[in-house]
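K.L.:
Take this structure first; my questions come after.
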Amino acid sequence: MKVTIVGAGNVGATCADAIAYRRIASEIVLLDIREGFAEGKALDISQTATTLGFNTKVTGSTNDYSKTAGSDVVVITSGIPRKPGMTREELIGINAGIVKTVAENVLKFSPDTIIVVVSNPMDTMTYLTLKSTGLPKNRIIGMGGALDGSRFKTYLSQALDKPANDVQGMVIGGHGDTTMIPLTRLATYNGIPVSQFLSVEELAKVAADTMVGGATLTGLLGTSAWYAPGASVAYLVDSILNDQKKLIPCSVFVEGEYGQNDICIGVPCVIGKNGVEKIVDIQLNDAEKTLFAKSADAVRSMNDALKSVLE
Ligand SMILES: NC(=O)C1=CN([C@@H]2O[C@H](COP(=O)(O)OP(=O)(O)OC[C@H]3O[C@@H](n4cnc5c(N)ncnc54)[C@H](O)[C@@H]3O)[C@@H](O)[C@H]2O)C=CC1
Ligand SMILES: O=C([O-])CC(=O)C(=O)O
């Protein structure tokens, strides 16, 4: 199975590293516009093969898409990341043009691929990819919910003082500082509602910390995060390539689900070899429904900014 990752920067290279190390694919191509950069990252990752014990072929390419031919999955991480004090939405002006061109180039050589969109603002870039390529909606997947969920579970585990892998939880809605919806009501510690252990105030703090999880890291690092994002992409790619049918919140095109139409937004999806195989309808309560509708309005209004790019 072949995976191409466009953008060999922090997230792209980390994701390639995780996919190789975890033996998720047999071949990885990293592509970047910076001369020699993707080749360098690929060579460095290749040289971990014997110490980490994988045989995945990892190669790099400077903007030569013919090397990506026949990819089963293409991950788009090309574009600029935010700096402290910025929102993801502020990246739209530069990233929209990059993502649109990259998607066009990728499809010339891998017409049957599934595209995973990572570049921010991710929900908007996912919608742009869907509209500009005209691909069926099951083959365009925005990655955000897997990462937001992993942050949510980390903050929950810290509040509970319990191991992270004993905690279950999900984040739906937009992948934005104000649009994310951590579903605290449904989060559990090994199946026991976390509300049995944490106060309303403690749960509200976990939710608030989760929502600004990316901004907190951007403030600490001076650019946005990459270890958890890269690992989250690998987790998603694994479910596609190995047909694991994991339930992962992803930004996908909705047609009536959760009461919304004509946007890409984070909803729980079964992810397998066909990409998005099912959107799972969770019974939200009234407060959650209101939050989801508000999140969808914000995501929709960002799509208006794409009009000139989509013309
Ligand atoms: N959806 C999510 O959960 C997350 C999204 N992101 C987003 O992912 C994107 C990448 O972030 P980083 O890797 O940290 O940035 P980075 O700056 O480290 O890497 C981006 C790479 O894209 C390359 N690039 C730019 N234009 C290109 C083009 N036309 N073709 C090929 N390559 C091109 C650059 O040369 C650079 O190497 C950002 O937009 C960031 O906001 C980051 C973390 C999580
Ligand atoms: O915060 C950012 O800009 C990058 C991102 O999407 C994340 O780490 O969640």
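Each chain in the structure tokens gets a letter, A, B and so on, in the order shown; residues start at 1 in every chain, and ligands are counted from 1 in the order they appear.
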Could you tell me, counting only C-alpha atoms and all ligand atoms, which protein and nucleic acid residues lie no more than 6 Å from ligand 1, written as a ChimeraX atom specification?

P.N.:
/A:6-12,32-34,77-82,98,118-120,122,143-144,147,224-226,229

K.L.:
Neighbouring residues of segment 246-255 of chain A were defined as those with any atom within 7 Å, considering only C-alpha atoms; residues of the same chain fewer than 3 positions away were excluded. Please report them as a ChimeraX atom specification.

P.N.:
/A:123,137,140-146,171-172,239,260-271

K.L.:
Determine which residues of segment 58-219 of chain A DSSP labels as alpha helix (DSSP H) from the backbone of this structure, then write them out as a PyMOL selection string.

P.N.:
chain A and resi 92-109+122-133+145-160+200-211+213-219

K.L.:
Pull C-alpha atoms from the residues just selected and write them as an mmCIF file, in the first residue's frame.

P.N.:
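Result file is result.cif:
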```cif
data_model
loop_
_atom_site.group_PDB
_atom_site.id
_atom_site.type_symbol
_atom_site.label_atom_id
_atom_site.label_comp_id
_atom_site.auth_asym_id
_atom_site.auth_seq_id
_atom_site.Cartn_x
_atom_site.Cartn_y
_atom_site.Cartn_z
ATOM 1 C CA ILE A 92 -7.074 30.614 4.539
ATOM 2 C CA GLY A 93 -5.700 33.225 2.115
ATOM 3 C CA ILE A 94 -2.408 31.407 1.547
ATOM 4 C CA ASN A 95 -3.429 27.809 2.168
ATOM 5 C CA ALA A 96 -6.494 27.696 -0.100
ATOM 6 C CA GLY A 97 -4.435 28.235 -3.258
ATOM 7 C CA ILE A 98 -1.830 25.688 -2.139
ATOM 8 C CA VAL A 99 -4.339 22.988 -1.218
ATOM 9 C CA LYS A 100 -6.341 23.388 -4.437
ATOM 10 C CA THR A 101 -3.247 23.118 -6.661
ATOM 11 C CA VAL A 102 -1.864 20.181 -4.699
ATOM 12 C CA ALA A 103 -5.153 18.256 -4.947
ATOM 13 C CA GLU A 104 -5.236 18.799 -8.721
ATOM 14 C CA ASN A 105 -1.653 17.588 -9.124
ATOM 15 C CA VAL A 106 -2.182 14.550 -6.940
ATOM 16 C CA LEU A 107 -5.218 13.376 -8.899
ATOM 17 C CA LYS A 108 -3.317 13.486 -12.196
ATOM 18 C CA PHE A 109 -1.250 10.542 -10.980
ATOM 19 C CA MET A 122 -8.988 22.216 7.951
ATOM 20 C CA ASP A 123 -12.800 22.098 7.612
ATOM 21 C CA THR A 124 -12.638 24.824 4.959
ATOM 22 C CA MET A 125 -9.725 23.154 3.142
ATOM 23 C CA THR A 126 -11.634 19.854 3.150
ATOM 24 C CA TYR A 127 -14.681 21.528 1.623
ATOM 25 C CA LEU A 128 -12.448 23.237 -0.953
ATOM 26 C CA THR A 129 -10.843 19.906 -1.894
ATOM 27 C CA LEU A 130 -14.230 18.266 -2.278
ATOM 28 C CA LYS A 131 -15.713 21.060 -4.371
ATOM 29 C CA SER A 132 -12.668 21.687 -6.542
ATOM 30 C CA THR A 133 -11.945 18.020 -7.341
ATOM 31 C CA GLY A 145 -11.334 15.111 15.386
ATOM 32 C CA ALA A 146 -8.789 12.337 15.944
ATOM 33 C CA LEU A 147 -6.335 14.931 17.255
ATOM 34 C CA ASP A 148 -8.889 16.913 19.252
ATOM 35 C CA GLY A 149 -10.133 13.651 20.779
ATOM 36 C CA SER A 150 -6.595 12.665 21.767
ATOM 37 C CA ARG A 151 -6.144 16.051 23.500
ATOM 38 C CA PHE A 152 -9.529 15.703 25.203
ATOM 39 C CA LYS A 153 -8.580 12.260 26.539
ATOM 40 C CA THR A 154 -5.189 13.543 27.688
ATOM 41 C CA TYR A 155 -6.757 16.415 29.654
ATOM 42 C CA LEU A 156 -9.408 14.056 31.048
ATOM 43 C CA SER A 157 -6.773 11.560 32.165
ATOM 44 C CA GLN A 158 -4.854 14.351 33.898
ATOM 45 C CA ALA A 159 -7.988 15.588 35.679
ATOM 46 C CA LEU A 160 -8.908 12.031 36.672
ATOM 47 C CA VAL A 200 -19.124 20.305 36.497
ATOM 48 C CA GLU A 201 -16.377 22.938 36.879
ATOM 49 C CA GLU A 202 -13.594 20.405 36.331
ATOM 50 C CA LEU A 203 -15.312 19.076 33.203
ATOM 51 C CA ALA A 204 -15.823 22.598 31.893
ATOM 52 C CA LYS A 205 -12.097 23.268 32.325
ATOM 53 C CA VAL A 206 -11.187 20.051 30.476
ATOM 54 C CA ALA A 207 -13.478 21.081 27.606
ATOM 55 C CA ALA A 208 -12.074 24.627 27.492
ATOM 56 C CA ASP A 209 -8.462 23.362 27.554
ATOM 57 C CA THR A 210 -9.269 20.922 24.739
ATOM 58 C CA MET A 211 -10.790 23.620 22.556
ATOM 59 C CA GLY A 213 -5.345 22.793 22.748
ATOM 60 C CA GLY A 214 -3.757 23.788 19.438
ATOM 61 C CA ALA A 215 -3.436 27.454 20.445
ATOM 62 C CA THR A 216 -1.780 26.494 23.752
ATOM 63 C CA LEU A 217 0.856 24.469 21.902
ATOM 64 C CA THR A 218 1.346 27.220 19.332
ATOM 65 C CA GLY A 219 2.029 29.637 22.192
#
```

K.L.:
Can you list every residue in segment 102-284 of chain A that DSSP puts in strand (DSSP E), as a VMD selection string?

P.N.:
chain A and resid 114 to 117 140 to 142 167 to 168 171 to 173 180 to 182 188 to 189 192 to 193 246 to 255 261 to 272 275 to 279

K.L.:
Let me make sure I understand: among A:Thr290, A:Thr87, A:Thr179, A:Asn165, which one has the smallest atom-to-atom distance to ligand 2 if we use only C-alpha atoms and all ligand atoms?

P.N.:
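Of all the options, A:Thr87 lies closest to ligand 2.
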
K.L.:
Tell me, as number ranges by chain, which residues lie within 8 Å of Glu89 of chain A, counting only C-alpha atoms; anything in the same chain fewer than 6 positions away does not count.

P.N.:
A: 120-121, 176, 302

K.L.:
Could you save the residues just selected, with C-alpha atoms, as a CSV table (one decimal), in the first residue's frame?

P.N.:
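Resulting contents of again12.csv:
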```csv
chain,number,residue,atom,x,y,z
A,120,ASN,CA,-5.7,24.6,8.1
A,121,PRO,CA,-8.3,25.9,8.4
A,176,GLY,CA,-11.4,25.7,15.5
A,302,MET,CA,-15.7,30.4,6.4
```

K.L.:
Have a look at atom CA of Ala296 of chain A and atom CA of Asp238 of chain A and let me know their distance in Å, one decimal.

P.N.:
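Those two atoms sit 28.1 Å apart.
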
K.L.:
Identify, on the basis of only C-alpha atoms, every residue whose closest approach to Arg139 of chain A does not exceed 9 Å; exclude the query and any residue fewer than 4 positions from it along the same chain; express the result as a VMD selection string.

P.N.:
chain A and resid 112 to 116 130 135 274 to 276

K.L.:
Kindly save the residues from that selection, with all heavy atoms included, as a PDB file, in the first residue's frame.

P.N.:
```
ATOM      1  N   ASP A 112      -7.615   7.414  -8.248  1.00  0.00           N
ATOM      2  CA  ASP A 112      -8.519   6.644  -7.376  1.00  0.00           C
ATOM      3  C   ASP A 112      -8.216   6.832  -5.890  1.00  0.00           C
ATOM      4  O   ASP A 112      -8.742   6.111  -5.047  1.00  0.00           O
ATOM      5  CB  ASP A 112      -8.414   5.145  -7.711  1.00  0.00           C
ATOM      6  CG  ASP A 112      -8.787   4.888  -9.158  1.00  0.00           C
ATOM      7  OD1 ASP A 112      -9.721   5.558  -9.646  1.00  0.00           O
ATOM      8  OD2 ASP A 112      -8.124   4.042  -9.807  1.00  0.00           O
ATOM      9  N   THR A 113      -7.331   7.776  -5.587  1.00  0.00           N
ATOM     10  CA  THR A 113      -6.867   7.881  -4.198  1.00  0.00           C
ATOM     11  C   THR A 113      -7.939   8.415  -3.247  1.00  0.00           C
ATOM     12  O   THR A 113      -8.916   9.040  -3.657  1.00  0.00           O
ATOM     13  CB  THR A 113      -5.621   8.803  -4.132  1.00  0.00           C
ATOM     14  OG1 THR A 113      -4.959   8.592  -2.898  1.00  0.00           O
ATOM     15  CG2 THR A 113      -5.990  10.271  -4.269  1.00  0.00           C
ATOM     16  N   ILE A 114      -7.705   8.169  -1.970  1.00  0.00           N
ATOM     17  CA  ILE A 114      -8.479   8.809  -0.895  1.00  0.00           C
ATOM     18  C   ILE A 114      -7.611   9.948  -0.376  1.00  0.00           C
ATOM     19  O   ILE A 114      -6.405   9.758  -0.153  1.00  0.00           O
ATOM     20  CB  ILE A 114      -8.800   7.794   0.224  1.00  0.00           C
ATOM     21  CG1 ILE A 114      -9.806   6.765  -0.303  1.00  0.00           C
ATOM     22  CG2 ILE A 114      -9.327   8.498   1.474  1.00  0.00           C
ATOM     23  CD1 ILE A 114     -10.044   5.586   0.605  1.00  0.00           C
ATOM     24  N   ILE A 115      -8.184  11.139  -0.233  1.00  0.00           N
ATOM     25  CA  ILE A 115      -7.402  12.306   0.203  1.00  0.00           C
ATOM     26  C   ILE A 115      -7.722  12.642   1.661  1.00  0.00           C
ATOM     27  O   ILE A 115      -8.898  12.773   2.038  1.00  0.00           O
ATOM     28  CB  ILE A 115      -7.693  13.531  -0.693  1.00  0.00           C
ATOM     29  CG1 ILE A 115      -7.294  13.230  -2.154  1.00  0.00           C
ATOM     30  CG2 ILE A 115      -6.944  14.770  -0.189  1.00  0.00           C
ATOM     31  CD1 ILE A 115      -7.488  14.398  -3.123  1.00  0.00           C
ATOM     32  N   VAL A 116      -6.665  12.751   2.453  1.00  0.00           N
ATOM     33  CA  VAL A 116      -6.801  13.186   3.851  1.00  0.00           C
ATOM     34  C   VAL A 116      -6.281  14.619   3.933  1.00  0.00           C
ATOM     35  O   VAL A 116      -5.115  14.882   3.634  1.00  0.00           O
ATOM     36  CB  VAL A 116      -6.003  12.267   4.803  1.00  0.00           C
ATOM     37  CG1 VAL A 116      -6.044  12.810   6.235  1.00  0.00           C
ATOM     38  CG2 VAL A 116      -6.541  10.841   4.757  1.00  0.00           C
ATOM     39  N   LEU A 130     -13.065  18.986  -1.755  1.00  0.00           N
ATOM     40  CA  LEU A 130     -14.230  18.266  -2.278  1.00  0.00           C
ATOM     41  C   LEU A 130     -14.840  18.995  -3.466  1.00  0.00           C
ATOM     42  O   LEU A 130     -15.101  18.406  -4.514  1.00  0.00           O
ATOM     43  CB  LEU A 130     -15.276  18.132  -1.160  1.00  0.00           C
ATOM     44  CG  LEU A 130     -16.470  17.292  -1.557  1.00  0.00           C
ATOM     45  CD1 LEU A 130     -16.382  15.923  -0.916  1.00  0.00           C
ATOM     46  CD2 LEU A 130     -17.776  17.944  -1.192  1.00  0.00           C
ATOM     47  N   LEU A 135     -14.564  14.908  -6.356  1.00  0.00           N
ATOM     48  CA  LEU A 135     -14.484  13.494  -5.954  1.00  0.00           C
ATOM     49  C   LEU A 135     -15.699  13.112  -5.105  1.00  0.00           C
ATOM     50  O   LEU A 135     -16.282  13.967  -4.435  1.00  0.00           O
ATOM     51  CB  LEU A 135     -13.235  13.258  -5.103  1.00  0.00           C
ATOM     52  CG  LEU A 135     -11.876  13.191  -5.784  1.00  0.00           C
ATOM     53  CD1 LEU A 135     -10.820  12.725  -4.789  1.00  0.00           C
ATOM     54  CD2 LEU A 135     -11.875  12.277  -6.991  1.00  0.00           C
ATOM     55  N   ASN A 274     -12.814   2.112   2.000  1.00  0.00           N
ATOM     56  CA  ASN A 274     -13.511   3.033   1.090  1.00  0.00           C
ATOM     57  C   ASN A 274     -13.503   4.471   1.600  1.00  0.00           C
ATOM     58  O   ASN A 274     -14.238   5.314   1.094  1.00  0.00           O
ATOM     59  CB  ASN A 274     -14.957   2.575   0.887  1.00  0.00           C
ATOM     60  CG  ASN A 274     -15.014   1.173   0.313  1.00  0.00           C
ATOM     61  OD1 ASN A 274     -14.340   0.892  -0.676  1.00  0.00           O
ATOM     62  ND2 ASN A 274     -15.775   0.291   0.948  1.00  0.00           N
ATOM     63  N   GLY A 275     -12.719   4.736   2.620  1.00  0.00           N
ATOM     64  CA  GLY A 275     -12.703   6.077   3.199  1.00  0.00           C
ATOM     65  C   GLY A 275     -13.807   6.214   4.232  1.00  0.00           C
ATOM     66  O   GLY A 275     -13.873   5.417   5.181  1.00  0.00           O
ATOM     67  N   VAL A 276     -14.688   7.195   4.012  1.00  0.00           N
ATOM     68  CA  VAL A 276     -15.797   7.386   4.957  1.00  0.00           C
ATOM     69  C   VAL A 276     -16.879   6.363   4.615  1.00  0.00           C
ATOM     70  O   VAL A 276     -17.536   6.461   3.585  1.00  0.00           O
ATOM     71  CB  VAL A 276     -16.398   8.806   4.830  1.00  0.00           C
ATOM     72  CG1 VAL A 276     -17.485   9.025   5.876  1.00  0.00           C
ATOM     73  CG2 VAL A 276     -15.312   9.865   4.945  1.00  0.00           C
TER      74      VAL A 276
END
```

K.L.:
Which one of A:Glu27, A:Asp17, A:Asp177, A:Asp72 sits closest to ligand 2 if you count only C-alpha atoms and all ligand atoms?

P.N.:
A:Asp177

K.L.:
From the set A:Val29, A:Leu221, A:Ala234, A:Ala293, which residue has the shortest atom-to-atom contact distance to ligand 2, counting only C-alpha atoms and all ligand atoms?

P.N.:
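Ranking A:Val29, A:Leu221, A:Ala234, A:Ala293 by distance to ligand 2, first place goes to A:Leu221.
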
K.L.:
Of the residues A:Ala231, A:Leu306, A:Val280, A:Leu236, which is the one nearest to ligand 2, using only C-alpha atoms and all ligand atoms?

P.N.:
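Using only C-alpha atoms and all ligand atoms, ligand 2 sits closest to A:Ala231.
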
K.L.:
What is the distance between atom CA of Ala25 of chain A and atom CA of Ala13 of chain A, in Å to one decimal?

P.N.:
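That distance, rounded to one decimal, is 14.7 Å.
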
K.L.:
Name all residues at most 12 Å from Ser46 of chain A (count only C-alpha atoms; drop same-chain ones fewer than 6 positions away) and give them as a ChimeraX atom specification.

P.N.:
/A:13,16-17,19-21,27-30,38-40,52-60

K.L.:
Got time to write the residues from that selection, C-alpha atoms, as a short mmCIF file (atom, residue, chain, number, x, y, z; two decimals), in the first residue's frame?

P.N.:
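Contents of again00.cif, as written:
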```cif
data_model
loop_
_atom_site.label_atom_id
_atom_site.label_comp_id
_atom_site.auth_asym_id
_atom_site.auth_seq_id
_atom_site.Cartn_x
_atom_site.Cartn_y
_atom_site.Cartn_z
CA ALA A 13 7.40 14.28 8.23
CA ALA A 16 5.57 9.70 7.59
CA ASP A 17 7.73 8.63 10.52
CA ILE A 19 3.39 5.39 9.34
CA ALA A 20 6.79 3.81 8.66
CA TYR A 21 7.58 2.96 12.28
CA GLU A 27 5.65 2.68 0.57
CA ILE A 28 5.66 6.36 1.52
CA VAL A 29 6.44 9.29 -0.79
CA LEU A 30 7.07 12.66 0.82
CA ALA A 38 11.46 16.00 1.20
CA GLU A 39 14.38 13.89 -0.06
CA GLY A 40 16.30 14.79 3.10
CA LEU A 52 13.21 0.58 14.54
CA GLY A 53 12.57 -2.62 12.56
CA PHE A 54 10.48 -1.66 9.53
CA ASN A 55 10.88 -2.24 5.79
CA THR A 56 8.66 0.55 4.45
CA LYS A 57 10.23 2.23 1.42
CA VAL A 58 10.40 5.97 2.09
CA THR A 59 11.36 8.36 -0.71
CA GLY A 60 11.23 12.10 -1.24
#
```

K.L.:
Between atom CA of Thr4 of chain A and atom CA of Gly174 of chain A, measure the distance and give it in Å to one decimal.

P.N.:
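We find that atom CA of Thr4 of chain A and atom CA of Gly174 of chain A lie 25.4 Å from each other.
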
K.L.:
With distances taken over only C-alpha atoms and all ligand atoms, which of A:Cys15, A:Leu198, A:Ile192, A:Leu91 is nearest to ligand 2?

P.N.:
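That would be A:Leu91, the residue with the smallest distance to ligand 2.
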